[in-house]
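Shown here: final35.tsv, TSV, C-alpha atoms.
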chain	number	residue	atom	x	y	z
G	340	MET	CA	-24.37	-9.14	35.51
G	341	ASN	CA	-27.29	-10.35	37.56
G	342	SER	CA	-29.79	-7.55	38.15
G	343	LYS	CA	-29.92	-8.23	41.89
G	344	TYR	CA	-26.21	-7.25	42.05
G	345	LEU	CA	-26.49	-4.44	39.52
G	346	ILE	CA	-28.73	-2.20	41.65
G	347	PRO	CA	-26.44	-2.18	44.73
G	348	VAL	CA	-23.36	-1.69	42.51
G	349	VAL	CA	-24.96	1.31	40.77
G	350	PHE	CA	-26.21	2.67	44.09
G	351	PHE	CA	-22.82	2.44	45.80
G	352	SER	CA	-21.05	3.87	42.73
G	353	LEU	CA	-23.39	6.87	42.85
G	354	VAL	CA	-22.84	7.26	46.58
G	355	ALA	CA	-19.07	7.05	46.09
G	356	PHE	CA	-19.25	9.60	43.27
G	357	ALA	CA	-21.38	11.95	45.37
G	358	GLU	CA	-18.98	11.61	48.29
G	359	GLN	CA	-16.15	12.94	46.19
G	360	GLU	CA	-17.74	16.38	46.19
G	361	LEU	CA	-17.65	18.11	49.54
G	362	ASP	CA	-20.89	19.64	50.67
G	363	LEU	CA	-19.94	23.25	51.24
G	364	SER	CA	-23.45	24.62	51.10
G	365	PHE	CA	-23.04	26.01	54.62
G	366	LEU	CA	-20.62	28.56	53.17
G	367	LYS	CA	-23.38	30.02	51.00
G	368	GLY	CA	-23.88	33.69	51.54
G	369	LEU	CA	-20.33	34.34	52.71
G	370	GLU	CA	-19.47	35.88	49.34
G	371	ALA	CA	-21.49	38.93	50.29
G	372	LYS	CA	-19.53	39.39	53.52
G	373	ALA	CA	-16.13	38.72	51.98
G	374	LYS	CA	-13.74	41.26	50.57
G	375	GLU	CA	-12.63	38.71	47.99
G	376	SER	CA	-13.91	35.26	47.19
G	377	THR	CA	-13.19	32.44	44.77
G	378	ASP	CA	-15.46	29.58	43.89
G	379	ILE	CA	-14.14	26.90	41.56
G	380	ASN	CA	-15.90	23.61	41.03
G	381	LEU	CA	-14.63	21.52	38.14
G	382	GLY	CA	-16.13	18.10	37.60
G	383	PRO	CA	-14.96	15.19	35.44
G	384	GLU	CA	-16.73	16.56	32.34
G	385	GLN	CA	-14.99	19.92	32.52
G	386	ILE	CA	-11.62	18.34	33.20
G	387	GLN	CA	-12.15	16.06	30.18
G	388	LEU	CA	-12.93	19.16	28.11
G	389	LEU	CA	-9.75	20.81	29.37
G	390	MET	CA	-7.72	17.77	28.41
G	391	GLY	CA	-9.27	17.77	24.94
G	392	PHE	CA	-8.14	21.33	24.26
G	393	SER	CA	-4.81	21.39	26.08
G	394	GLY	CA	-1.99	22.77	24.00
G	395	GLU	CA	1.20	20.87	23.35
G	396	GLY	CA	3.12	23.05	25.73
G	397	SER	CA	1.20	21.96	28.79
G	398	LYS	CA	2.31	18.37	29.23
G	399	GLU	CA	2.49	18.69	33.02
G	400	LEU	CA	-1.00	20.14	33.16
G	401	LEU	CA	-2.22	17.39	30.84
G	402	GLY	CA	-0.54	14.74	32.96
G	403	LEU	CA	-2.00	16.15	36.14
G	404	GLY	CA	-5.41	16.60	34.57
G	405	LYS	CA	-5.47	12.94	33.57
G	406	SER	CA	-5.20	11.90	37.18
G	407	ILE	CA	-7.64	14.51	38.54
G	408	GLU	CA	-11.38	13.92	38.58
G	409	ARG	CA	-12.65	16.88	40.56
G	410	VAL	CA	-11.30	20.22	41.72
G	411	GLN	CA	-13.26	22.17	44.28
G	412	VAL	CA	-11.81	25.38	45.66
G	413	LYS	CA	-13.51	27.97	47.82
G	414	THR	CA	-11.69	30.91	49.32
G	415	PHE	CA	-12.89	33.95	51.26
G	416	GLU	CA	-10.95	36.94	52.45
G	417	PHE	CA	-12.57	39.21	55.04
G	418	ASP	CA	-11.92	42.74	56.25
G	419	LYS	CA	-12.41	41.87	59.89
G	420	ASP	CA	-12.42	38.89	62.25
G	421	GLY	CA	-15.43	36.71	63.06
G	422	MET	CA	-17.17	36.95	59.72
G	423	TYR	CA	-17.79	33.22	59.48
G	424	SER	CA	-18.80	30.47	61.84
G	425	VAL	CA	-15.75	28.59	63.11
G	426	ALA	CA	-18.13	26.00	64.57
G	427	GLU	CA	-19.41	25.13	61.10
G	428	MET	CA	-15.86	24.79	59.90
G	429	GLU	CA	-15.13	22.55	62.88
G	430	GLY	CA	-18.07	20.44	61.72
G	431	LEU	CA	-16.44	20.02	58.32
G	432	ARG	CA	-13.16	19.23	60.04
G	433	ALA	CA	-14.80	16.52	62.14
G	434	LYS	CA	-16.38	15.06	59.01
G	435	LEU	CA	-12.96	14.87	57.40
G	436	LYS	CA	-11.59	12.90	60.32
G	437	SER	CA	-13.91	10.01	59.59
G	438	GLY	CA	-14.50	7.72	56.64
G	439	ASP	CA	-11.88	7.40	53.95
G	440	PHE	CA	-9.84	10.38	55.09
G	441	VAL	CA	-6.44	10.12	56.73
G	442	PRO	CA	-5.17	13.23	58.54
G	443	LEU	CA	-1.81	14.45	57.30
G	444	ILE	CA	-1.33	17.83	58.95
G	445	SER	CA	-3.48	19.25	61.68
G	446	VAL	CA	-2.62	22.63	63.14
G	447	LYS	CA	-4.73	24.41	65.73
G	448	GLU	CA	-4.20	28.12	65.72
G	449	LYS	CA	-5.66	31.01	67.64
G	450	GLY	CA	-9.12	31.55	66.21
G	451	GLY	CA	-8.79	28.87	63.60
G	452	PHE	CA	-7.09	25.75	62.32
G	453	THR	CA	-5.47	24.16	59.31
G	454	GLU	CA	-6.13	20.63	58.27
G	455	ILE	CA	-4.75	18.57	55.42
G	456	VAL	CA	-6.28	15.14	54.94
G	457	MET	CA	-5.56	12.51	52.32
G	458	ARG	CA	-8.43	10.62	50.75
G	459	LYS	CA	-7.75	6.90	50.72
G	460	GLY	CA	-8.97	4.68	47.92
G	461	PRO	CA	-8.68	0.95	47.30
G	462	LYS	CA	-5.53	1.48	45.21
G	463	GLY	CA	-3.89	4.29	47.18
G	464	ASN	CA	-4.37	8.02	47.41
G	465	ARG	CA	-7.54	9.47	45.94
G	466	GLY	CA	-6.65	13.10	46.42
G	467	PHE	CA	-6.65	15.41	49.38
G	468	VAL	CA	-8.56	18.11	51.19
G	469	ILE	CA	-7.13	21.29	52.66
G	470	VAL	CA	-9.23	23.25	55.13
G	471	SER	CA	-7.68	26.42	56.40
G	472	ALA	CA	-9.73	28.58	58.71
G	473	GLU	CA	-7.90	31.72	59.71
G	474	ALA	CA	-9.26	34.80	61.40
G	475	ARG	CA	-9.76	36.67	58.16
G	476	GLU	CA	-9.26	34.00	55.58
G	477	LEU	CA	-11.07	30.81	54.78
G	478	THR	CA	-9.87	28.23	52.26
G	479	VAL	CA	-11.27	24.86	51.31
G	480	VAL	CA	-9.54	22.81	48.62
G	481	ASN	CA	-10.85	19.41	47.57
G	482	ILE	CA	-8.94	17.58	44.88
G	483	VAL	CA	-10.16	14.14	43.87
G	484	GLY	CA	-8.01	11.84	41.78
G	485	ASP	CA	-5.07	9.51	41.75
G	486	LEU	CA	-2.48	12.04	42.73
G	487	ASP	CA	-0.34	13.03	45.66
G	488	LEU	CA	0.91	16.35	46.97
G	489	ALA	CA	4.29	15.91	45.27
G	490	SER	CA	2.59	15.95	41.84
G	491	LEU	CA	1.46	19.49	42.53
G	492	GLY	CA	5.06	20.58	43.10
G	493	LYS	CA	5.79	19.85	39.44
G	494	LEU	CA	3.40	22.60	38.43
G	495	THR	CA	5.07	25.40	40.34
G	496	GLY	CA	6.69	28.05	38.20
G	497	LYS	CA	4.39	27.18	35.29
G	498	PHE	CA	1.03	28.47	34.03
G	499	GLY	CA	1.22	31.49	36.31
G	500	ILE	CA	1.63	29.34	39.42
G	501	PRO	CA	4.31	30.90	41.62
G	502	ASN	CA	7.67	29.20	41.87
G	503	ILE	CA	7.31	27.73	45.32
G	504	GLN	CA	9.62	25.10	46.74
G	505	MET	CA	7.51	22.41	48.35
G	506	ASN	CA	10.10	20.00	49.73
G	507	SER	CA	10.48	18.56	53.20
G	508	GLY	CA	13.05	21.02	54.52
G	509	GLY	CA	12.37	23.87	52.15
G	510	THR	CA	10.82	27.19	52.78
G	511	SER	CA	8.27	29.02	50.73
G	512	LYS	CA	10.00	31.47	48.51
G	513	GLY	CA	8.51	33.50	45.70
G	514	LYS	CA	10.95	34.33	42.96
G	515	GLY	CA	8.82	37.09	41.54
G	516	SER	CA	8.86	35.54	38.08
G	517	SER	CA	5.11	35.84	37.86
G	518	LYS	CA	2.51	38.12	39.33
G	519	GLY	CA	1.61	35.41	41.83
G	520	GLY	CA	5.24	34.89	42.74
G	521	LYS	CA	5.69	38.57	43.48
G	522	GLU	CA	2.63	38.60	45.66
G	523	ASP	CA	3.93	35.62	47.55
G	524	GLN	CA	7.28	37.29	48.05
G	525	ASP	CA	5.60	40.41	49.34
G	526	GLU	CA	3.57	38.27	51.67
G	527	ASP	CA	6.76	36.64	52.97
G	528	GLU	CA	8.43	40.01	53.51
G	529	LYS	CA	5.52	41.17	55.63
W	1059	MET	CA	-61.29	-31.51	-38.45
W	1060	ASP	CA	-58.82	-33.17	-40.76
W	1061	GLU	CA	-55.34	-32.03	-41.60
W	1062	ARG	CA	-56.25	-30.28	-44.84
W	1063	GLU	CA	-59.09	-28.37	-43.30
W	1064	PHE	CA	-56.78	-27.22	-40.46
W	1065	GLU	CA	-54.11	-26.02	-42.90
W	1066	GLU	CA	-56.67	-24.00	-44.84
W	1067	LYS	CA	-57.92	-22.35	-41.67
W	1068	MET	CA	-54.34	-21.51	-40.66
W	1069	ARG	CA	-53.53	-20.08	-44.04
W	1070	ALA	CA	-56.65	-17.96	-43.96
W	1071	ALA	CA	-55.82	-16.67	-40.50
W	1072	LEU	CA	-52.23	-15.86	-41.35
W	1073	ARG	CA	-52.81	-14.22	-44.70
W	1074	PRO	CA	-51.22	-10.77	-45.06
W	1075	VAL	CA	-53.71	-8.00	-44.41
W	1076	GLU	CA	-53.07	-4.46	-45.46
W	1077	ALA	CA	-53.06	-1.93	-42.61
W	1078	PRO	CA	-55.67	0.77	-42.93
W	1079	ASP	CA	-54.41	4.03	-44.37
W	1080	GLY	CA	-52.72	6.40	-41.91
W	1081	LEU	CA	-52.49	3.82	-39.09
W	1082	ALA	CA	-48.69	4.15	-38.80
W	1083	GLU	CA	-48.86	7.97	-38.68
W	1084	GLN	CA	-51.61	7.77	-36.09
W	1085	ILE	CA	-49.52	5.49	-33.86
W	1086	ILE	CA	-46.46	7.74	-34.19
W	1087	ARG	CA	-48.55	10.82	-33.40
W	1088	ARG	CA	-50.01	9.22	-30.28
W	1089	ALA	CA	-46.58	8.13	-29.03
W	1090	GLU	CA	-45.22	11.63	-29.55
W	1091	ALA	CA	-48.18	13.15	-27.74
W	1092	LEU	CA	-47.66	10.80	-24.82
W	1093	ALA	CA	-43.93	11.61	-24.67
W	1094	GLU	CA	-44.73	15.31	-24.84
W	1095	ARG	CA	-47.14	15.00	-21.94
W	1096	THR	CA	-44.70	13.16	-19.68
W	1097	ARG	CA	-41.60	15.17	-20.65
W	1098	LYS	CA	-40.81	18.08	-18.27
W	1099	PRO	CA	-39.43	21.24	-19.77
W	1100	VAL	CA	-35.64	21.49	-19.89
W	1101	THR	CA	-35.66	24.59	-17.70
W	1102	GLN	CA	-37.66	22.85	-14.99
W	1103	GLN	CA	-35.20	19.93	-14.93
W	1104	ALA	CA	-32.27	22.32	-14.57
W	1105	TRP	CA	-34.01	24.15	-11.75
W	1106	LEU	CA	-34.59	20.89	-9.95
W	1107	ARG	CA	-30.94	19.88	-10.32
W	1108	TRP	CA	-29.62	23.26	-9.18
W	1109	GLY	CA	-32.16	23.45	-6.41
W	1110	ALA	CA	-31.14	20.07	-5.07
W	1111	LEU	CA	-27.47	21.06	-5.25
W	1112	ALA	CA	-28.13	24.36	-3.51
W	1113	ALA	CA	-30.13	22.63	-0.78
W	1114	LEU	CA	-27.32	20.13	-0.33
W	1115	LEU	CA	-24.74	22.92	-0.14
W	1116	ALA	CA	-26.88	24.91	2.27
W	1117	MET	CA	-27.32	21.91	4.51
W	1118	GLY	CA	-23.59	21.16	4.36
W	1119	SER	CA	-22.66	24.76	5.15
W	1120	PHE	CA	-25.16	24.89	7.98
W	1121	GLY	CA	-23.73	21.68	9.40
W	1122	ILE	CA	-20.16	22.97	9.16
W	1123	LEU	CA	-21.16	26.31	10.70
W	1124	ARG	CA	-22.93	24.55	13.57
W	1125	TRP	CA	-19.94	22.28	14.12
W	1126	GLU	CA	-17.54	25.23	14.09
W	1127	GLU	CA	-19.80	27.16	16.45
W	1128	LYS	CA	-19.93	24.18	18.83
W	1129	LYS	CA	-16.17	23.75	18.60
W	1130	ARG	CA	-15.63	27.45	19.30
W	1131	ALA	CA	-17.99	27.34	22.27
W	1132	GLU	CA	-16.16	24.29	23.60
W	1133	GLN	CA	-12.85	26.07	23.10
W	1134	ILE	CA	-14.07	29.10	25.04
W	1135	GLU	CA	-15.38	26.82	27.79
W	1136	ALA	CA	-12.09	24.90	27.82
W	1137	ARG	CA	-10.13	28.15	28.11
W	1138	LYS	CA	-12.34	29.18	31.02
W	1139	VAL	CA	-11.85	25.77	32.65
W	1140	ALA	CA	-8.09	26.03	32.08
W	1141	GLU	CA	-8.06	29.43	33.80
W	1142	GLN	CA	-10.07	28.07	36.71
W	1143	PHE	CA	-7.88	24.97	36.91
W	1144	THR	CA	-4.71	27.06	36.95
W	1145	MET	CA	-6.21	29.35	39.57
W	1146	ALA	CA	-7.20	26.35	41.69
W	1147	MET	CA	-3.69	24.90	41.45
W	1148	ASN	CA	-2.29	28.34	42.21
W	1149	ILE	CA	-4.38	28.67	45.37
W	1150	THR	CA	-3.57	25.09	46.41
W	1151	THR	CA	0.21	25.34	45.97
W	1152	ARG	CA	0.26	28.75	47.64
W	1153	LYS	CA	-1.74	27.43	50.59
W	1154	MET	CA	0.48	24.37	50.88
W	1155	ALA	CA	3.59	26.54	50.85
W	1156	ARG	CA	2.16	28.78	53.55
W	1157	ILE	CA	1.27	25.82	55.74
W	1158	GLN	CA	4.72	24.35	55.20
W	1159	LYS	CA	6.35	27.69	56.00
W	1160	ASN	CA	4.34	28.06	59.20
W	1161	LEU	CA	5.31	24.57	60.27
W	1162	VAL	CA	9.00	25.17	59.55
W	1163	VAL	CA	8.92	28.47	61.43
W	1164	GLU	CA	6.96	27.18	64.40
W	1165	VAL	CA	9.00	24.04	65.10
W	1166	PRO	CA	12.35	25.78	65.89
W	1167	LEU	CA	10.58	28.36	68.05
W	1168	LYS	CA	9.03	25.63	70.18
W	1169	ARG	CA	12.38	23.86	70.44
W	1170	GLY	CA	14.05	27.09	71.62
W	1171	HIS	CA	11.69	27.42	74.56
Write out the structure in this file as structure tokens.
Amino acid sequence: MNSKYLIPVVFFSLVAFAEQELDLSFLKGLEAKAKESTDINLGPEQIQLLMGFSGEGSKELLGLGKSIERVQVKTFEFDKDGMYSVAEMEGLRAKLKSGDFVPLISVKEKGGFTEIVMRKGPKGNRGFVIVSAEARELTVVNIVGDLDLASLGKLTGKFGIPNIQMNSGGTSKGKGSSKGGKEDQDEDEK
Amino acid sequence: MDEREFEEKMRAALRPVEAPDGLAEQIIRRAEALAERTRKPVTQQAWLRWGALAALLAMGSFGILRWEEKKRAEQIEARKVAEQFTMAMNITTRKMARIQKNLVVEVPLKRGH
């Protein structure tokens, strides 16, 4: 390849790669205020490692892992309202409404919102982002890869993931088969 | 020089000459001394052979140990990643289900009003 084309190609590839990871640095410091928090950031290298050591019994996980390139999850649970800046979350929301993102579900609630956006690539879906800002709970999920939401449904009831029905007319129902499922059921009962 | 003269000279040059006394023994003695000087003791040779083998074994064992250690570390890392991956999927599916549930619940309520 001619070097005059190589530099822009490398540059845009790097930019595209960097864009896959959401900049959530504005959430730094919230861990200290939160009752519970989760921070997961798995890049291509770690997912490759996972695939290399996956047991035979986890074909679904292996299949899903093959199509996933990045998993970024941040959750915070607070004791009281107003522990984070909704304005900053709105900033992230606005960012997700531009570029390669296509809004799928957008719900405005009292004191917060929920947004699900699909990331569009040249060959179809390139993952999705979930931003859920509730009064006492904050969740950001960024999954990059050639997968859709239906692929996730195949994982329910396995690997400790609660048995949740994620169909068009279905309701969320925990069967209590796992710890997570029980928690979900309890949550539903409340 | 004519032919006859040449033959006489050749004959004189090639006539058998007796070796001085003790020359053969002297040569044999010198050869033995030289061999003795260059020959390493049997014990030293054995040490070298065993030493080389031990070094080879040590290097091999070290390599295997390092490889196993690396593999174990990767396995631990992979297990950690698997846990995180499962947790991430858990959070995602749970969140999706909650969003779906809220949507399903909210739509009929709005229709009722």
- request: Using all atoms listed in the file, determine which residues of chain W fall within 7 Å of chain G; present them as a VMD selection string.
  value: chain W and resid 1133 1136 1139 to 1140 1142 1144 1146 1148 1150 to 1151 1155 to 1156 1159
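Straight-line separation from CA of Ile1085 in chain W to CA of Ala1070 in chain W: 26.5 Å.
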query: For Val456 in chain G, which of G:Ala489, G:Val441, G:Leu369, G:Ile407 is the closest residue, counting only C-alpha atoms?
result: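 Among the listed residues, the smallest separation from Val456 in chain G belongs to G:Val441.
Going from CA of Gly402 in chain G to CA of Ser376 in chain G covers 28.3 Å.
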- prompt: Which residue, G:Asp418, G:Gly466, G:Gly438, G:Glu473, has the smallest gap to Ser406 in chain G when you use all atoms listed in the file?
  reply: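 For Ser406 in chain G, the nearest of the candidates is G:Gly466.
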